[in-house]
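Read through the structure below, which is laid out as structure tokens, and then see the notes.
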Amino acid sequence: VLTLASLLCIHASAEPIRVVVTGAAGQIAYSLLYSIAKGDVFGKDQPIILILLDIPPMLPVLEGVVMELQDCALPLLREVIPTDKVEVGFKDIDAAILVGSMPRKEGMERKDLLKANVAIFKTQGSALDKYAKKTVKVLVVGNPANTNCLIASKSAPSIPKENFSCLTRLDHNRASSQVAMRCGVSSDNVKNVIIWGNHSSTQYPDVHHAKVTVQGSEMGAYEVVKDDAWLRGDFISTVQLRGAAVIKARKLSSAMSAAKAICDHMRDIWFGTKEGEFISMGVYAAGNTYGIPEDLIYSFPIQIKNKTWKMVDGLPINDFSRAKMDATAAELVEERDTALDFLGQ
């Protein structure tokens, strides 16, 4: 007979997983770490060892974050390890959330930004290759996320390409929320929006396959919204430019919503997506049925089961969508080629 005491022992004896967050002294991480440590992402009975990686000048700030995590008195949080060393940060990890990247400074060319980030993600990819578990799930958040993810993956040849993904869930959530508000329903009544392509202003938020539940009956988003001009115009640009709008208003980038999207993304990798639903994430494009160049990290509609994702195939694509999907792919090809030049230097 299982007594309460023995159940508690079982709870206590689950092996902790090791999770690293980079850019751990930054503001996205500050919104993210509590949710991870509390059990919102990897499960309510999964103990965690949290490794916080950042650059040397941020170590004093990191100490403050460690104090706060300790002060939350979270039962699942077994250990917090602050570090500026990749060999400590990536040792035997189960999940890596790569938030840290070189931010774009005023007057900086996009090319300079790419060059700086290629160096960072080459280092982190190599460290993953050398120190992490081969089963590690890697989520790249730092921008330009798709290309950074590709560079990390190419720098970690012994880790399966499928284990790398980049965050487009924030865009996905933004799109769902815009449709929900327009239809006067809560966001859980909207499903299967798609973000195609790059996590940039060329991304294509697509609701041709989305469903909205109104008063108990499920219908296509176009049917419910009844405003094609909005769906093909302002809706798309609102989602594409939302990050810039938040910065303009807050004078800081979107951290709370980014952290929430990271949690959604990792939780879905760990526990799977709901039956009949798909989400958006940037994944390796090899073998896709949508005519997207193969050697890219591109955002597709994805379903996940047993920690393994698959693309949703065979969705009909009209001419409007095709043009937008190709435009964002072209931007990614250009980014990739520039980044690979730097990688080869």
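Ordering of the structure tokens sets the chain letters (A, B, ...); residue numbers start at 1 within each chain; ligands are numbered from 1 in the order shown.
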Every residue of stretch 123-250 of chain A that DSSP places in strand (DSSP E), as a PyMOL selection string: chain A and resi 137-140+164-166+190-191+194-196+204-206+211-214+217-220
Any chance you can output those residues with N, CA and C atoms as a PDB file, in the first residue's frame?
ATOM      1  N   LYS A 137      17.714  19.090 -25.398  1.00  0.00           N
ATOM      2  CA  LYS A 137      16.822  19.895 -26.233  1.00  0.00           C
ATOM      3  C   LYS A 137      17.276  21.347 -26.117  1.00  0.00           C
ATOM      4  N   VAL A 138      17.557  21.953 -27.260  1.00  0.00           N
ATOM      5  CA  VAL A 138      18.126  23.299 -27.289  1.00  0.00           C
ATOM      6  C   VAL A 138      17.129  24.272 -27.911  1.00  0.00           C
ATOM      7  N   LEU A 139      16.779  25.302 -27.167  1.00  0.00           N
ATOM      8  CA  LEU A 139      15.892  26.355 -27.677  1.00  0.00           C
ATOM      9  C   LEU A 139      16.682  27.647 -27.789  1.00  0.00           C
ATOM     10  N   VAL A 140      16.732  28.206 -28.992  1.00  0.00           N
ATOM     11  CA  VAL A 140      17.436  29.477 -29.197  1.00  0.00           C
ATOM     12  C   VAL A 140      16.417  30.618 -29.234  1.00  0.00           C
ATOM     13  N   PHE A 164      17.399  20.883 -32.013  1.00  0.00           N
ATOM     14  CA  PHE A 164      17.530  22.348 -31.994  1.00  0.00           C
ATOM     15  C   PHE A 164      16.249  22.993 -32.520  1.00  0.00           C
ATOM     16  N   SER A 165      15.786  24.011 -31.816  1.00  0.00           N
ATOM     17  CA  SER A 165      14.646  24.780 -32.318  1.00  0.00           C
ATOM     18  C   SER A 165      14.825  26.235 -31.911  1.00  0.00           C
ATOM     19  N   CYS A 166      14.118  27.125 -32.588  1.00  0.00           N
ATOM     20  CA  CYS A 166      14.158  28.532 -32.176  1.00  0.00           C
ATOM     21  C   CYS A 166      12.746  29.009 -31.875  1.00  0.00           C
ATOM     22  N   VAL A 190      -8.922  29.906 -29.657  1.00  0.00           N
ATOM     23  CA  VAL A 190      -8.273  30.032 -30.970  1.00  0.00           C
ATOM     24  C   VAL A 190      -7.172  28.987 -31.051  1.00  0.00           C
ATOM     25  N   LYS A 191      -7.144  28.220 -32.130  1.00  0.00           N
ATOM     26  CA  LYS A 191      -6.056  27.246 -32.273  1.00  0.00           C
ATOM     27  C   LYS A 191      -5.571  27.183 -33.718  1.00  0.00           C
ATOM     28  N   ILE A 194      -0.541  29.835 -37.585  1.00  0.00           N
ATOM     29  CA  ILE A 194       0.808  29.404 -37.978  1.00  0.00           C
ATOM     30  C   ILE A 194       1.691  30.637 -38.155  1.00  0.00           C
ATOM     31  N   ILE A 195       2.903  30.542 -37.656  1.00  0.00           N
ATOM     32  CA  ILE A 195       3.944  31.507 -38.022  1.00  0.00           C
ATOM     33  C   ILE A 195       4.896  30.782 -38.965  1.00  0.00           C
ATOM     34  N   TRP A 196       4.990  31.273 -40.187  1.00  0.00           N
ATOM     35  CA  TRP A 196       5.930  30.703 -41.151  1.00  0.00           C
ATOM     36  C   TRP A 196       7.202  31.553 -41.178  1.00  0.00           C
ATOM     37  N   TYR A 204       5.501  35.317 -41.529  1.00  0.00           N
ATOM     38  CA  TYR A 204       4.139  35.332 -42.067  1.00  0.00           C
ATOM     39  C   TYR A 204       3.172  34.664 -41.086  1.00  0.00           C
ATOM     40  N   PRO A 205       2.392  35.489 -40.356  1.00  0.00           N
ATOM     41  CA  PRO A 205       1.341  34.932 -39.494  1.00  0.00           C
ATOM     42  C   PRO A 205       0.135  34.549 -40.360  1.00  0.00           C
ATOM     43  N   ASP A 206      -0.197  33.264 -40.364  1.00  0.00           N
ATOM     44  CA  ASP A 206      -1.178  32.699 -41.300  1.00  0.00           C
ATOM     45  C   ASP A 206      -2.358  32.119 -40.522  1.00  0.00           C
ATOM     46  N   LYS A 211      -8.644  27.809 -36.303  1.00  0.00           N
ATOM     47  CA  LYS A 211     -10.031  27.563 -35.905  1.00  0.00           C
ATOM     48  C   LYS A 211     -10.361  28.422 -34.685  1.00  0.00           C
ATOM     49  N   VAL A 212     -11.580  28.957 -34.700  1.00  0.00           N
ATOM     50  CA  VAL A 212     -12.060  29.752 -33.564  1.00  0.00           C
ATOM     51  C   VAL A 212     -13.340  29.104 -33.048  1.00  0.00           C
ATOM     52  N   THR A 213     -13.415  28.898 -31.733  1.00  0.00           N
ATOM     53  CA  THR A 213     -14.627  28.342 -31.134  1.00  0.00           C
ATOM     54  C   THR A 213     -15.477  29.487 -30.591  1.00  0.00           C
ATOM     55  N   VAL A 214     -16.680  29.614 -31.161  1.00  0.00           N
ATOM     56  CA  VAL A 214     -17.611  30.652 -30.719  1.00  0.00           C
ATOM     57  C   VAL A 214     -18.894  29.967 -30.250  1.00  0.00           C
ATOM     58  N   SER A 217     -19.239  26.230 -30.973  1.00  0.00           N
ATOM     59  CA  SER A 217     -19.007  25.633 -32.295  1.00  0.00           C
ATOM     60  C   SER A 217     -17.728  26.176 -32.929  1.00  0.00           C
ATOM     61  N   GLU A 218     -16.985  25.255 -33.542  1.00  0.00           N
ATOM     62  CA  GLU A 218     -15.670  25.578 -34.086  1.00  0.00           C
ATOM     63  C   GLU A 218     -15.781  25.943 -35.560  1.00  0.00           C
ATOM     64  N   MET A 219     -15.230  27.099 -35.928  1.00  0.00           N
ATOM     65  CA  MET A 219     -15.284  27.549 -37.329  1.00  0.00           C
ATOM     66  C   MET A 219     -13.921  28.084 -37.751  1.00  0.00           C
ATOM     67  N   GLY A 220     -13.744  28.235 -39.058  1.00  0.00           N
ATOM     68  CA  GLY A 220     -12.510  28.812 -39.575  1.00  0.00           C
ATOM     69  C   GLY A 220     -12.380  30.276 -39.167  1.00  0.00           C
TER      70      GLY A 220
END
All residues 7 Å or closer to A:Val312, only C-alpha atoms, same chain fewer than 4 positions away omitted, as a list of chain:residue names: A:Pro301, A:Ile302, A:Gln303
Save out the residues we just selected, N, CA, C and O atoms, as a PDB file, in the first residue's frame.
ATOM      1  N   PRO A 301       4.279  24.827 -38.911  1.00  0.00           N
ATOM      2  CA  PRO A 301       3.303  24.242 -37.986  1.00  0.00           C
ATOM      3  C   PRO A 301       3.818  22.876 -37.510  1.00  0.00           C
ATOM      4  O   PRO A 301       4.237  22.052 -38.322  1.00  0.00           O
ATOM      5  N   ILE A 302       3.771  22.657 -36.204  1.00  0.00           N
ATOM      6  CA  ILE A 302       4.438  21.499 -35.591  1.00  0.00           C
ATOM      7  C   ILE A 302       3.504  20.800 -34.600  1.00  0.00           C
ATOM      8  O   ILE A 302       2.790  21.457 -33.842  1.00  0.00           O
ATOM      9  N   GLN A 303       3.566  19.473 -34.622  1.00  0.00           N
ATOM     10  CA  GLN A 303       2.936  18.677 -33.560  1.00  0.00           C
ATOM     11  C   GLN A 303       4.033  17.893 -32.848  1.00  0.00           C
ATOM     12  O   GLN A 303       5.016  17.488 -33.474  1.00  0.00           O
TER      13      GLN A 303
END
Selection: 9 Å around A:Arg78, only C-alpha atoms, excl. self and same-chain fewer than 4 positions, as a PyMOL selection string: chain A and resi 16+47-50+74
Closest-contact table, stretch 55-158 of chain A side, partner stretch 305-308 of chain A, 12 Å, counting only C-alpha atoms, as a tab-separated table:
residue	atom	partner	partner_atom	distance
A:Ala95	CA	A:Lys307	CA	11.8
A:Thr135	CA	A:Lys307	CA	10.1
A:Val136	CA	A:Lys307	CA	10.8
A:Lys137	CA	A:Lys307	CA	9.0
Need to verify the contact set: A:Tyr30, 9 Å, only C-alpha atoms, exclusion of same-chain residues closer than 2 positions in sequence. Can you return it as a PDB file with C-alpha atoms, in the first residue's frame?
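See part_9.pdb below for the written result:
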ATOM      1  CA  ALA A  24      20.688  34.642 -17.202  1.00  0.00           C
ATOM      2  CA  ALA A  25      21.244  38.114 -15.726  1.00  0.00           C
ATOM      3  CA  GLY A  26      19.052  39.720 -18.416  1.00  0.00           C
ATOM      4  CA  GLN A  27      15.434  40.779 -18.270  1.00  0.00           C
ATOM      5  CA  ILE A  28      13.871  37.877 -20.201  1.00  0.00           C
ATOM      6  CA  LEU A  32      11.561  33.163 -16.954  1.00  0.00           C
ATOM      7  CA  LEU A  33      13.556  31.591 -14.130  1.00  0.00           C
ATOM      8  CA  TYR A  34      10.788  31.601 -11.519  1.00  0.00           C
ATOM      9  CA  VAL A  65      19.347  36.453  -9.108  1.00  0.00           C
ATOM     10  CA  ALA A 255      10.308  40.131 -21.520  1.00  0.00           C
ATOM     11  CA  MET A 256       7.166  38.880 -19.745  1.00  0.00           C
ATOM     12  CA  ALA A 259       9.307  34.287 -21.037  1.00  0.00           C
TER      13      ALA A 259
END
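Ranking A:Phe121, A:Val179, A:Glu223, A:Phe235 by their shortest atom-to-atom distance to A:Ala152, with only C-alpha atoms included, puts A:Phe121 first.
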Selection: 10 Å around stretch 100-109 of chain A, only C-alpha atoms, excl. self and same-chain fewer than 6 positions, as number ranges by chain: A: 21-26, 28-29, 53-55, 115-121, 140-145, 148
All alpha helix (DSSP H) residues (DSSP, backbone) inside stretch 120-171 of chain A, as a PyMOL selection string: chain A and resi 120-131+145-154+169-171
Selection to disk with C-alpha atoms, as a PDB file, in the first residue's frame:
ATOM      1  CA  ILE A 120      28.692  33.523 -29.696  1.00  0.00           C
ATOM      2  CA  PHE A 121      26.622  30.655 -31.101  1.00  0.00           C
ATOM      3  CA  LYS A 122      29.627  28.885 -32.590  1.00  0.00           C
ATOM      4  CA  THR A 123      31.154  28.836 -29.083  1.00  0.00           C
ATOM      5  CA  GLN A 124      27.925  27.656 -27.474  1.00  0.00           C
ATOM      6  CA  GLY A 125      27.268  25.023 -30.155  1.00  0.00           C
ATOM      7  CA  SER A 126      30.789  23.630 -29.735  1.00  0.00           C
ATOM      8  CA  ALA A 127      30.336  23.552 -25.954  1.00  0.00           C
ATOM      9  CA  LEU A 128      27.007  21.713 -26.313  1.00  0.00           C
ATOM     10  CA  ASP A 129      28.735  19.240 -28.618  1.00  0.00           C
ATOM     11  CA  LYS A 130      31.515  18.647 -26.113  1.00  0.00           C
ATOM     12  CA  TYR A 131      29.745  18.713 -22.740  1.00  0.00           C
ATOM     13  CA  ALA A 145      17.105  33.462 -33.522  1.00  0.00           C
ATOM     14  CA  ASN A 146      16.690  31.298 -36.641  1.00  0.00           C
ATOM     15  CA  THR A 147      20.213  31.890 -37.919  1.00  0.00           C
ATOM     16  CA  ASN A 148      21.761  31.700 -34.431  1.00  0.00           C
ATOM     17  CA  CYS A 149      20.027  28.340 -34.033  1.00  0.00           C
ATOM     18  CA  LEU A 150      21.401  27.110 -37.366  1.00  0.00           C
ATOM     19  CA  ILE A 151      24.950  28.158 -36.398  1.00  0.00           C
ATOM     20  CA  ALA A 152      24.669  26.443 -32.980  1.00  0.00           C
ATOM     21  CA  SER A 153      23.410  23.257 -34.621  1.00  0.00           C
ATOM     22  CA  LYS A 154      26.154  23.252 -37.265  1.00  0.00           C
ATOM     23  CA  ARG A 169       5.957  30.874 -30.093  1.00  0.00           C
ATOM     24  CA  LEU A 170       5.848  34.520 -29.016  1.00  0.00           C
ATOM     25  CA  ASP A 171       4.725  35.468 -32.542  1.00  0.00           C
TER      26      ASP A 171
END
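The gap separating atom CA of A:Lys91 from atom CA of A:Pro56 is 18.4 Å, in Å to one decimal.
For the choices A:Ile236, A:Ile93, A:Ile81, A:Ile304, the atom-to-atom distance to A:Trp270 is smallest for A:Ile304 when using only C-alpha atoms.
The residue that comes closest to A:Asp264, out of A:Leu167, A:Val19, A:Leu332, A:Ala323 and on the basis of only C-alpha atoms, is A:Leu167.
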